[in-house]
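Trainee: Quick one: the structure is below, questions incoming.
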Amino acid sequence: MKVDVLLGLQWGDEGKGKIVDVLTPKYDIIGRFQGGPNAGHTLEFDGIKHVLHTIPSGIFHDGVSNVVGNGVVIDPVILKKEIDALVAMGVDVNKKMSISKKAHLILPTHRLIDAASEQSKGNEKIGSTLKGIGPTYMDKTGRNGLRVGDLFLPNFQDRYNKLVEKHKQILKFHDFDYNLSELEEDFFKGVDLLKSLTVIDSEHYINNAIKNGKSVLAEGAQGTLLDVDFGSYPFVTSSNTTAAGTCTGLGVAPNKVGEVFGIFKAYCTRVGSGPFPTELHDEVGEELRKAGHEFGATTGRPRRCGWIDLPALKYAIMINGVTQLIMMKADVLDAFENIKICTHYDVDGKRIDYMPYDIVSTEVKPVYKEMKGWKTDLTKLSSINEIPQALNAYIEYLEQELSVPITIVSVGPDRTQTLIRERVLV
């Protein structure tokens with residue numbers, strides 16, 4: 001068996017949680033491989049809306065194991081809130097979920113450093129979610145971090161105190177007020193709960209499952225254009241959001257990766273600072289935001305909105321080796337008479353179809369192709385055979401330009417509002 005991968009191709013918020021939930025019945029194991037509680041994966045079914053931040057999106061299905069991999073960073077406070085909410089809904093989290101011993105812990109002081117650092121940057125801030133993600137990954141690569149497995153060591157408290165003292169020295173360089181003891185109370189309550197969960201050597205667990213014929217879906221967080229290596233640096237997240245992150249975040253070899261599902265919106269959004277070539281600052285952008293309810297699931301911040309960007313999508317498809325595309329939120333474009341597609345960039349009078357290295361400071365003008373809108377309420381559709389001709393033309397044009405089949409089209413937030421275009425999913 002192979003590990004299939006599902007990840008975002010834009011700047012996050014593409015709808016990964018919904019599609020993982022839809023595909024989960026086809027798999028034995030769902031594994032988160034990177035990121036932390038800066039993720040907000042929204043699932044809707046049976047009239048219930050639920051947002052997951054750390055826990056894999058297969059948690060609502062029976063008979064499926066959910067693994068939080070070693071590439072994930074965990075805030076015990078946020079994890080406890082997630083678990084408490086799921087338990088209130090009757091979900092047996094400990095039965096359905098296990099956590100890697102090698103996953104790193106987000107300490108209260110990581111969150112303080114994150115907030116202090118972002119505050120000090122003023123107008124140059126990167127748009128951090130202030131969850132302590134960046135500082136935690138910095139300690140991970142700096143070989144100072146604490147991992148879930150460390151919680152069970154007799155000297156954990158000493159290790160914790162040593163790292164906190166280091167963080168206090170960093171905070172001295174910032175004009176930043178904080179009350180650590182207040183934050184630590186909730187942190188250690190979360191730690192107690194975390195210690196009661198199933199903690200495993202996840203790389204052995206995943207590889208043994210593959211060896212025994214079990215099917216695995218790796219769930220990514222954020223989006224390709226936020227990847228620390230290949231995103232719009234420095235306006236990126238702190239982990240590898242691409243397919244390669246599956247290997248390091250779950251401990252699987254590259255030759256064990258199978259299908260790569262790439263998810264994208266029928267338009268574009270971005271939260272926080274950074275380049276966004278097709279961003280719309282007019283009433284059209286506002287209309288997209290309202291129609292798509294484009295506010296961050298984690299932060300609540302309004303998302304920047306714009307037309308779909310093919311040069312960026314082609315780049316993301318190349319980096320990830322995408323084998324199947326999934327188009328989300330097609331219904332958001334229902335009311336538009338005409339829809340624009342960015343096919344190229346104009347950079348200093350030269351037309352290019354790829355993302356330039358210095359996209360942060362380079363003036364990039366989008367070149368658009370216009371297509372006729374479908375002016376149809378897609379949320380009422382129950383079959384791909386019912387889609388209007390204009391939408392079909394839009395899909396076929398994207399497939400032609402991107403050279404990858406679009407196998408699923410989402411026409412609403414509920415898991416039932418998912419149209420299967422080609423049955424080549426797994």
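Going by the structure tokens order, chains are called A, B, ..., each with residues numbered from 1, while ligands are numbered from 1 in the order shown.
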Could you pull the residues within 10 Å of His174 (chain A), counting only C-alpha atoms, minus those fewer than 3 positions along the same chain, as an mmCIF file with N, CA and C atoms, in the first residue's frame?
Mentor:
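The file below, selection19.cif, is the result:
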data_model
loop_
_atom_site.group_PDB
_atom_site.id
_atom_site.type_symbol
_atom_site.label_atom_id
_atom_site.label_comp_id
_atom_site.auth_asym_id
_atom_site.auth_seq_id
_atom_site.Cartn_x
_atom_site.Cartn_y
_atom_site.Cartn_z
ATOM 1 N N ILE A 113 6.639 34.829 22.990
ATOM 2 C CA ILE A 113 7.698 35.261 22.062
ATOM 3 C C ILE A 113 7.099 35.589 20.696
ATOM 4 N N ALA A 116 5.331 38.955 21.005
ATOM 5 C CA ALA A 116 6.299 40.035 21.189
ATOM 6 C C ALA A 116 7.046 40.322 19.889
ATOM 7 N N SER A 117 7.426 39.272 19.184
ATOM 8 C CA SER A 117 8.157 39.432 17.930
ATOM 9 C C SER A 117 7.292 40.111 16.873
ATOM 10 N N GLN A 119 4.725 42.050 17.375
ATOM 11 C CA GLN A 119 4.490 43.434 17.792
ATOM 12 C C GLN A 119 5.663 44.326 17.425
ATOM 13 N N SER A 120 6.862 43.816 17.580
ATOM 14 C CA SER A 120 8.056 44.625 17.333
ATOM 15 C C SER A 120 8.268 44.929 15.851
ATOM 16 N N GLN A 169 14.757 35.286 28.821
ATOM 17 C CA GLN A 169 15.873 36.143 28.408
ATOM 18 C C GLN A 169 15.576 36.791 27.054
ATOM 19 N N ILE A 170 14.948 36.031 26.173
ATOM 20 C CA ILE A 170 14.561 36.571 24.862
ATOM 21 C C ILE A 170 13.523 37.664 25.033
ATOM 22 N N LEU A 171 12.552 37.424 25.918
ATOM 23 C CA LEU A 171 11.472 38.396 26.122
ATOM 24 C C LEU A 171 11.971 39.701 26.724
ATOM 25 N N ASP A 177 4.575 43.155 28.078
ATOM 26 C CA ASP A 177 4.090 42.732 29.396
ATOM 27 C C ASP A 177 3.419 41.367 29.290
#
Trainee: Could you name the residues that touch region 146-163 of chain A at 8 Å or less, counting only C-alpha atoms, but leaving out those on the same chain fewer than 3 positions away, as a list of chain:residue names?
Mentor: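 In the requested form, the answer reads A:Ser100, A:Lys101, A:Lys102, A:Ala103, A:His104, A:Leu105, A:Lys140, A:Lys166, A:His167, A:Val191, A:Lys195, A:Val199.
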Trainee: Residues as selected, C-alpha atoms, written as a PDB file, in the first residue's frame, can you do that?
Mentor:
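Written output follows (again_18.pdb):
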ATOM      1  CA  SER A 100       3.584  10.834  18.069  1.00  0.00           C
ATOM      2  CA  LYS A 101       6.146  10.885  20.852  1.00  0.00           C
ATOM      3  CA  LYS A 102       8.303  13.026  18.576  1.00  0.00           C
ATOM      4  CA  ALA A 103       5.737  15.819  18.083  1.00  0.00           C
ATOM      5  CA  HIS A 104       7.010  19.055  19.651  1.00  0.00           C
ATOM      6  CA  LEU A 105       5.229  20.976  22.389  1.00  0.00           C
ATOM      7  CA  LYS A 140      12.969  22.299  17.221  1.00  0.00           C
ATOM      8  CA  LYS A 166      15.925  30.861  28.009  1.00  0.00           C
ATOM      9  CA  HIS A 167      12.641  32.272  26.674  1.00  0.00           C
ATOM     10  CA  VAL A 191      -0.292  18.424  29.819  1.00  0.00           C
ATOM     11  CA  LYS A 195      -0.303  12.304  29.191  1.00  0.00           C
ATOM     12  CA  VAL A 199       1.212   8.199  22.678  1.00  0.00           C
TER      13      VAL A 199
END
Trainee: Which residues come within 9 Å of Asp13 (chain A), counting only C-alpha atoms, excluding same-chain residues fewer than 5 positions away, as JSON, numbers by chain?
Mentor: {"A": [8, 39, 40, 41, 221, 222, 223, 264, 265, 269, 270, 271, 294, 296, 297]}
Trainee: Considering only C-alpha atoms, give me a table of residues in region 192-265 of chain A that are at most 10 Å from region 387-411 of chain A, with the closest atom pair and distance in Å for each, as CSV.
Mentor:
residue,atom,partner,partner_atom,distance
A:Phe261,CA,A:Thr407,CA,9.4
A:Gly262,CA,A:Ile406,CA,9.3
A:Ile263,CA,A:Ile408,CA,9.3
A:Lys265,CA,A:Ser410,CA,9.2
Trainee: Hey, which of A:Leu226, A:Leu79, A:Ala253, A:Ile48 ends up closest to Asn240 (chain A)? Count only C-alpha atoms.
Mentor: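 With only C-alpha atoms as the atom set, the closest residue is A:Leu226.
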Trainee: Which of these, A:His61, A:Gly251, A:Ser238, A:Glu118, has the shortest distance to Gly90 (chain A) once you count only C-alpha atoms?
Mentor: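 Once distances to Gly90 (chain A) are computed over only C-alpha atoms, the minimum belongs to A:His61.
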Trainee: Would you mind telling me which residue in A:Lys214, A:Thr129, A:Ile341, A:Ile359 lies nearest to Pro234 (chain A) when using only C-alpha atoms?
Mentor: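 When distances to Pro234 (chain A) are compared using only C-alpha atoms, the smallest one comes from A:Ile359.
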Trainee: Could you name the residues that touch Thr224 (chain A) at 6 Å or less, counting only C-alpha atoms, but leaving out those on the same chain fewer than 3 positions away, as a PyMOL selection string?
Mentor: chain A and resi 8-10+227+241-242
Trainee: Applying 8 Å and only C-alpha atoms, which residues near Leu280 (chain A) remain after dropping the ones on its own chain fewer than 4 positions away? List them as an mmCIF file with C-alpha atoms, in the first residue's frame.
Mentor:
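Final file, selection_27.cif:
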data_model
loop_
_atom_site.group_PDB
_atom_site.id
_atom_site.type_symbol
_atom_site.label_atom_id
_atom_site.label_comp_id
_atom_site.auth_asym_id
_atom_site.auth_seq_id
_atom_site.Cartn_x
_atom_site.Cartn_y
_atom_site.Cartn_z
ATOM 1 C CA VAL A 284 -15.771 42.403 -6.531
ATOM 2 C CA GLY A 285 -13.297 41.370 -3.852
ATOM 3 C CA ARG A 304 -8.032 38.904 1.231
ATOM 4 C CA CYS A 305 -9.816 37.755 -1.932
ATOM 5 C CA GLY A 306 -9.033 37.644 -5.650
ATOM 6 C CA TRP A 307 -9.387 35.703 -8.890
#
Trainee: Identify all residues of region 47-279 of chain A in helix (DSSP H, G or I) (DSSP on the backbone) and supply them as a short mmCIF file (atom, residue, chain, number, x, y, z; two decimals) with N, CA and C atoms, in the first residue's frame.
Mentor:
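Contents of the output file part-v3.cif:
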data_model
loop_
_atom_site.label_atom_id
_atom_site.label_comp_id
_atom_site.auth_asym_id
_atom_site.auth_seq_id
_atom_site.Cartn_x
_atom_site.Cartn_y
_atom_site.Cartn_z
N PRO A 76 -0.87 22.01 24.27
CA PRO A 76 -1.75 21.23 25.14
C PRO A 76 -3.03 21.95 25.53
N VAL A 77 -2.98 23.28 25.61
CA VAL A 77 -4.16 24.06 25.98
C VAL A 77 -5.22 23.95 24.88
N ILE A 78 -4.82 24.19 23.65
CA ILE A 78 -5.75 24.13 22.53
C ILE A 78 -6.22 22.71 22.29
N LEU A 79 -5.30 21.75 22.43
CA LEU A 79 -5.68 20.34 22.24
C LEU A 79 -6.75 19.93 23.26
N LYS A 80 -6.60 20.36 24.50
CA LYS A 80 -7.59 20.03 25.53
C LYS A 80 -8.96 20.60 25.17
N LYS A 81 -8.99 21.83 24.68
CA LYS A 81 -10.27 22.44 24.29
C LYS A 81 -10.91 21.66 23.15
N GLU A 82 -10.09 21.25 22.19
CA GLU A 82 -10.61 20.45 21.07
C GLU A 82 -11.19 19.13 21.56
N ILE A 83 -10.45 18.46 22.43
CA ILE A 83 -10.89 17.17 22.93
C ILE A 83 -12.15 17.31 23.77
N ASP A 84 -12.19 18.32 24.63
CA ASP A 84 -13.38 18.54 25.46
C ASP A 84 -14.62 18.74 24.59
N ALA A 85 -14.47 19.49 23.49
CA ALA A 85 -15.61 19.74 22.60
C ALA A 85 -16.05 18.45 21.90
N LEU A 86 -15.08 17.62 21.51
CA LEU A 86 -15.41 16.36 20.84
C LEU A 86 -16.06 15.37 21.81
N VAL A 87 -15.55 15.30 23.02
CA VAL A 87 -16.12 14.40 24.03
C VAL A 87 -17.56 14.79 24.32
N ALA A 88 -17.83 16.10 24.34
CA ALA A 88 -19.20 16.58 24.57
C ALA A 88 -20.14 16.14 23.45
N VAL A 93 -12.26 10.14 21.77
CA VAL A 93 -11.02 10.61 21.16
C VAL A 93 -9.86 9.66 21.43
N ASN A 94 -9.74 9.20 22.67
CA ASN A 94 -8.60 8.35 23.00
C ASN A 94 -8.64 7.02 22.25
N LYS A 95 -9.82 6.56 21.93
CA LYS A 95 -9.95 5.32 21.17
C LYS A 95 -9.60 5.53 19.70
N LYS A 96 -9.87 6.72 19.20
CA LYS A 96 -9.73 6.99 17.77
C LYS A 96 -8.43 7.69 17.38
N PRO A 108 3.76 27.99 26.78
CA PRO A 108 3.19 29.35 26.91
C PRO A 108 4.19 30.43 26.49
N THR A 109 5.47 30.21 26.79
CA THR A 109 6.48 31.22 26.43
C THR A 109 6.71 31.28 24.92
N HIS A 110 6.45 30.20 24.21
CA HIS A 110 6.52 30.26 22.74
C HIS A 110 5.47 31.24 22.22
N ARG A 111 4.28 31.19 22.79
CA ARG A 111 3.22 32.10 22.37
C ARG A 111 3.58 33.54 22.71
N LEU A 112 4.19 33.74 23.86
CA LEU A 112 4.59 35.10 24.26
C LEU A 112 5.66 35.65 23.32
N ILE A 113 6.64 34.83 22.99
CA ILE A 113 7.70 35.26 22.06
C ILE A 113 7.10 35.59 20.70
N ASP A 114 6.15 34.77 20.25
CA ASP A 114 5.48 35.01 18.97
C ASP A 114 4.80 36.37 18.96
N ALA A 115 4.05 36.65 19.99
CA ALA A 115 3.33 37.93 20.08
C ALA A 115 4.29 39.11 20.20
N ALA A 116 5.33 38.95 21.01
CA ALA A 116 6.30 40.03 21.19
C ALA A 116 7.05 40.32 19.89
N SER A 117 7.43 39.27 19.18
CA SER A 117 8.16 39.43 17.93
C SER A 117 7.29 40.11 16.87
N GLU A 118 6.05 39.69 16.77
CA GLU A 118 5.16 40.27 15.77
C GLU A 118 4.89 41.75 16.09
N GLN A 119 4.72 42.05 17.37
CA GLN A 119 4.49 43.43 17.79
C GLN A 119 5.66 44.33 17.42
N SER A 120 6.86 43.82 17.58
CA SER A 120 8.06 44.62 17.33
C SER A 120 8.27 44.93 15.85
N LYS A 121 7.65 44.13 14.96
CA LYS A 121 7.85 44.32 13.53
C LYS A 121 6.99 45.44 12.95
N GLY A 122 5.99 45.87 13.69
CA GLY A 122 5.15 46.97 13.23
C GLY A 122 4.52 46.69 11.88
N ASN A 123 4.73 47.59 10.92
CA ASN A 123 4.14 47.44 9.59
C ASN A 123 4.75 46.30 8.78
N GLU A 124 5.86 45.76 9.25
CA GLU A 124 6.52 44.67 8.53
C GLU A 124 6.13 43.30 9.08
N ILE A 133 3.67 29.04 16.91
CA ILE A 133 4.15 28.03 15.96
C ILE A 133 5.61 28.27 15.58
N GLY A 134 5.90 29.49 15.11
CA GLY A 134 7.25 29.81 14.65
C GLY A 134 8.32 29.59 15.72
N PRO A 135 8.15 30.16 16.92
CA PRO A 135 9.15 29.94 17.97
C PRO A 135 9.33 28.46 18.34
N THR A 136 8.25 27.69 18.25
CA THR A 136 8.36 26.25 18.57
C THR A 136 9.21 25.54 17.53
N TYR A 137 8.96 25.83 16.25
CA TYR A 137 9.79 25.22 15.20
C TYR A 137 11.23 25.73 15.28
N MET A 138 11.43 26.95 15.73
CA MET A 138 12.79 27.47 15.90
C MET A 138 13.53 26.68 16.98
N ASP A 139 12.84 26.37 18.07
CA ASP A 139 13.47 25.56 19.11
C ASP A 139 13.69 24.13 18.62
N LYS A 140 12.80 23.65 17.77
CA LYS A 140 12.97 22.30 17.22
C LYS A 140 14.26 22.22 16.39
N THR A 141 14.42 23.16 15.46
CA THR A 141 15.62 23.14 14.61
C THR A 141 16.86 23.57 15.38
N VAL A 148 6.57 15.46 22.98
CA VAL A 148 5.52 14.78 23.75
C VAL A 148 6.12 13.66 24.59
N GLY A 149 7.05 12.92 24.02
CA GLY A 149 7.68 11.83 24.76
C GLY A 149 8.42 12.29 26.01
N ASP A 150 8.87 13.56 26.00
CA ASP A 150 9.59 14.09 27.16
C ASP A 150 8.69 14.22 28.39
N LEU A 151 7.38 14.29 28.16
CA LEU A 151 6.44 14.43 29.29
C LEU A 151 6.54 13.25 30.25
N PHE A 152 6.99 12.12 29.75
CA PHE A 152 7.03 10.90 30.57
C PHE A 152 8.40 10.66 31.19
N PHE A 156 11.32 15.97 33.29
CA PHE A 156 10.61 16.88 32.38
C PHE A 156 10.52 18.29 32.96
N GLN A 157 10.17 18.39 34.23
CA GLN A 157 10.00 19.72 34.83
C GLN A 157 11.28 20.52 34.77
N ASP A 158 12.41 19.86 34.99
CA ASP A 158 13.71 20.55 34.90
C ASP A 158 13.95 21.04 33.47
N ARG A 159 13.64 20.19 32.49
CA ARG A 159 13.81 20.57 31.09
C ARG A 159 12.91 21.75 30.74
N TYR A 160 11.68 21.68 31.25
CA TYR A 160 10.74 22.76 31.00
C TYR A 160 11.26 24.07 31.59
N ASN A 161 11.68 24.03 32.84
CA ASN A 161 12.16 25.24 33.51
C ASN A 161 13.37 25.84 32.79
N LYS A 162 14.26 24.99 32.31
CA LYS A 162 15.46 25.46 31.62
C LYS A 162 15.10 26.19 30.33
N LEU A 163 14.14 25.63 29.57
CA LEU A 163 13.74 26.27 28.32
C LEU A 163 12.98 27.56 28.58
N VAL A 164 12.15 27.57 29.61
CA VAL A 164 11.39 28.79 29.95
C VAL A 164 12.34 29.91 30.35
N GLU A 165 13.39 29.59 31.08
CA GLU A 165 14.36 30.62 31.46
C GLU A 165 15.04 31.22 30.22
N LYS A 166 15.35 30.37 29.27
CA LYS A 166 15.92 30.86 28.01
C LYS A 166 14.95 31.82 27.32
N HIS A 167 13.65 31.43 27.31
CA HIS A 167 12.64 32.27 26.67
C HIS A 167 12.47 33.60 27.40
N LYS A 168 12.59 33.60 28.71
CA LYS A 168 12.47 34.85 29.47
C LYS A 168 13.58 35.82 29.10
N GLN A 169 14.76 35.29 28.82
CA GLN A 169 15.87 36.14 28.41
C GLN A 169 15.58 36.79 27.05
N ILE A 170 14.95 36.03 26.17
CA ILE A 170 14.56 36.57 24.86
C ILE A 170 13.52 37.66 25.03
N LEU A 171 12.55 37.42 25.92
CA LEU A 171 11.47 38.40 26.12
C LEU A 171 11.97 39.70 26.72
N LEU A 180 3.06 35.00 33.04
CA LEU A 180 3.33 33.61 32.69
C LEU A 180 2.59 32.63 33.59
N SER A 181 2.54 32.90 34.87
CA SER A 181 1.91 31.95 35.80
C SER A 181 0.45 31.72 35.44
N GLU A 182 -0.20 32.76 34.96
CA GLU A 182 -1.61 32.63 34.54
C GLU A 182 -1.74 31.68 33.36
N LEU A 183 -0.80 31.76 32.41
CA LEU A 183 -0.82 30.90 31.24
C LEU A 183 -0.43 29.47 31.59
N GLU A 184 0.47 29.31 32.53
CA GLU A 184 0.95 27.98 32.89
C GLU A 184 -0.12 27.13 33.54
N GLU A 185 -1.06 27.74 34.21
CA GLU A 185 -2.12 26.96 34.87
C GLU A 185 -2.88 26.11 33.86
N ASP A 186 -3.30 26.74 32.77
CA ASP A 186 -4.01 26.00 31.72
C ASP A 186 -3.07 25.05 30.98
N PHE A 187 -1.82 25.45 30.83
CA PHE A 187 -0.86 24.61 30.12
C PHE A 187 -0.69 23.26 30.82
N PHE A 188 -0.51 23.27 32.12
CA PHE A 188 -0.27 22.01 32.82
C PHE A 188 -1.54 21.17 32.96
N LYS A 189 -2.69 21.81 32.91
CA LYS A 189 -3.93 21.03 32.83
C LYS A 189 -3.98 20.28 31.49
N GLY A 190 -3.55 20.98 30.43
CA GLY A 190 -3.49 20.36 29.12
C GLY A 190 -2.46 19.24 29.08
N VAL A 191 -1.34 19.45 29.76
CA VAL A 191 -0.29 18.42 29.82
C VAL A 191 -0.82 17.16 30.49
N ASP A 192 -1.56 17.33 31.58
CA ASP A 192 -2.12 16.17 32.27
C ASP A 192 -3.04 15.36 31.35
N LEU A 193 -3.86 16.07 30.57
CA LEU A 193 -4.73 15.37 29.63
C LEU A 193 -3.91 14.69 28.54
N LEU A 194 -2.91 15.39 28.02
CA LEU A 194 -2.08 14.84 26.96
C LEU A 194 -1.40 13.55 27.41
N LYS A 195 -0.97 13.50 28.66
CA LYS A 195 -0.30 12.30 29.19
C LYS A 195 -1.26 11.11 29.31
N SER A 202 5.13 6.94 16.13
CA SER A 202 4.23 7.01 14.97
C SER A 202 4.87 6.52 13.68
N GLU A 203 6.19 6.69 13.53
CA GLU A 203 6.82 6.25 12.29
C GLU A 203 6.76 4.72 12.16
N HIS A 204 6.91 4.02 13.29
CA HIS A 204 6.78 2.56 13.27
C HIS A 204 5.32 2.15 13.03
N TYR A 205 4.43 2.87 13.67
CA TYR A 205 3.00 2.57 13.53
C TYR A 205 2.56 2.71 12.07
N ILE A 206 2.93 3.82 11.45
CA ILE A 206 2.52 4.08 10.06
C ILE A 206 3.14 3.06 9.11
N ASN A 207 4.42 2.81 9.26
CA ASN A 207 5.09 1.89 8.34
C ASN A 207 4.64 0.45 8.51
N ASN A 208 4.35 0.04 9.74
CA ASN A 208 3.81 -1.30 9.95
C ASN A 208 2.42 -1.43 9.34
N ALA A 209 1.65 -0.34 9.43
CA ALA A 209 0.31 -0.35 8.84
C ALA A 209 0.39 -0.51 7.32
N ILE A 210 1.30 0.22 6.70
CA ILE A 210 1.50 0.11 5.25
C ILE A 210 1.90 -1.31 4.88
N LYS A 211 2.83 -1.86 5.66
CA LYS A 211 3.33 -3.22 5.41
C LYS A 211 2.21 -4.25 5.49
N THR A 224 0.52 25.25 0.02
CA THR A 224 1.84 25.18 -0.62
C THR A 224 2.53 26.53 -0.67
N LEU A 225 1.78 27.60 -0.94
CA LEU A 225 2.39 28.92 -1.10
C LEU A 225 2.79 29.54 0.24
N LEU A 226 2.57 28.77 1.33
CA LEU A 226 3.04 29.18 2.65
C LEU A 226 4.19 28.30 3.12
N ALA A 244 6.49 16.75 0.19
CA ALA A 244 7.73 16.30 0.82
C ALA A 244 7.62 16.30 2.34
N GLY A 245 6.79 17.18 2.88
CA GLY A 245 6.59 17.23 4.32
C GLY A 245 5.96 15.97 4.88
N THR A 246 5.27 15.21 4.02
CA THR A 246 4.69 13.94 4.45
C THR A 246 5.78 12.98 4.91
N CYS A 247 6.88 12.96 4.17
CA CYS A 247 7.97 12.02 4.47
C CYS A 247 8.61 12.35 5.82
N THR A 248 8.90 13.63 6.05
CA THR A 248 9.54 14.00 7.31
C THR A 248 8.52 14.11 8.45
N GLY A 249 7.28 14.39 8.13
CA GLY A 249 6.26 14.61 9.16
C GLY A 249 5.56 13.37 9.64
N LEU A 250 5.68 12.27 8.87
CA LEU A 250 5.10 10.99 9.30
C LEU A 250 6.13 9.87 9.32
N PRO A 254 9.94 8.35 0.44
CA PRO A 254 9.33 8.94 -0.76
C PRO A 254 8.66 7.92 -1.68
N ASN A 255 9.24 6.71 -1.75
CA ASN A 255 8.65 5.71 -2.65
C ASN A 255 7.37 5.08 -2.08
N LYS A 256 6.98 5.52 -0.89
CA LYS A 256 5.73 5.05 -0.29
C LYS A 256 4.57 6.01 -0.54
#
Trainee: Between A:Ala218, A:Met371, A:Val236, A:Val64, which residue has the minimum interatomic distance to Val252 (chain A), considering only C-alpha atoms?
Mentor: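 Selected residue with least distance to Val252 (chain A): A:Ala218.
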Trainee: Quick one: pull the distance between CA of Thr42 (chain A) and CA of Thr418 (chain A), Å, one decimal.
Mentor: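 Interatomic distance here is 14.6 Å.
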Trainee: Mind checking which residues fall within 6 Å of Asp331 (chain A), counting only C-alpha atoms, ignoring those fewer than 2 positions away in the same chain, and posting them as a list in words?
Mentor: Lys329, Leu333, Asp334, Leu378 and Val411 of chain A
Trainee: Kindly give the distance, in Å, that separates CA of Gly231 (chain A) and CA of Glu219 (chain A), rounded to a single decimal.
Mentor: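 Spanning CA of Gly231 (chain A) to CA of Glu219 (chain A) is a straight-line distance of 18.5 Å.
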Trainee: List the spatial neighbours of Ser98 (chain A) as a list in words - criterion: any atom at most 8 Å away, only C-alpha atoms, same-chain residues fewer than 3 positions off excluded.
Mentor: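 The contact residues come out as Ser65, Asn66, Val67, Val68, Asn94, Leu197, Thr198, Val199 and Ile200 of chain A.
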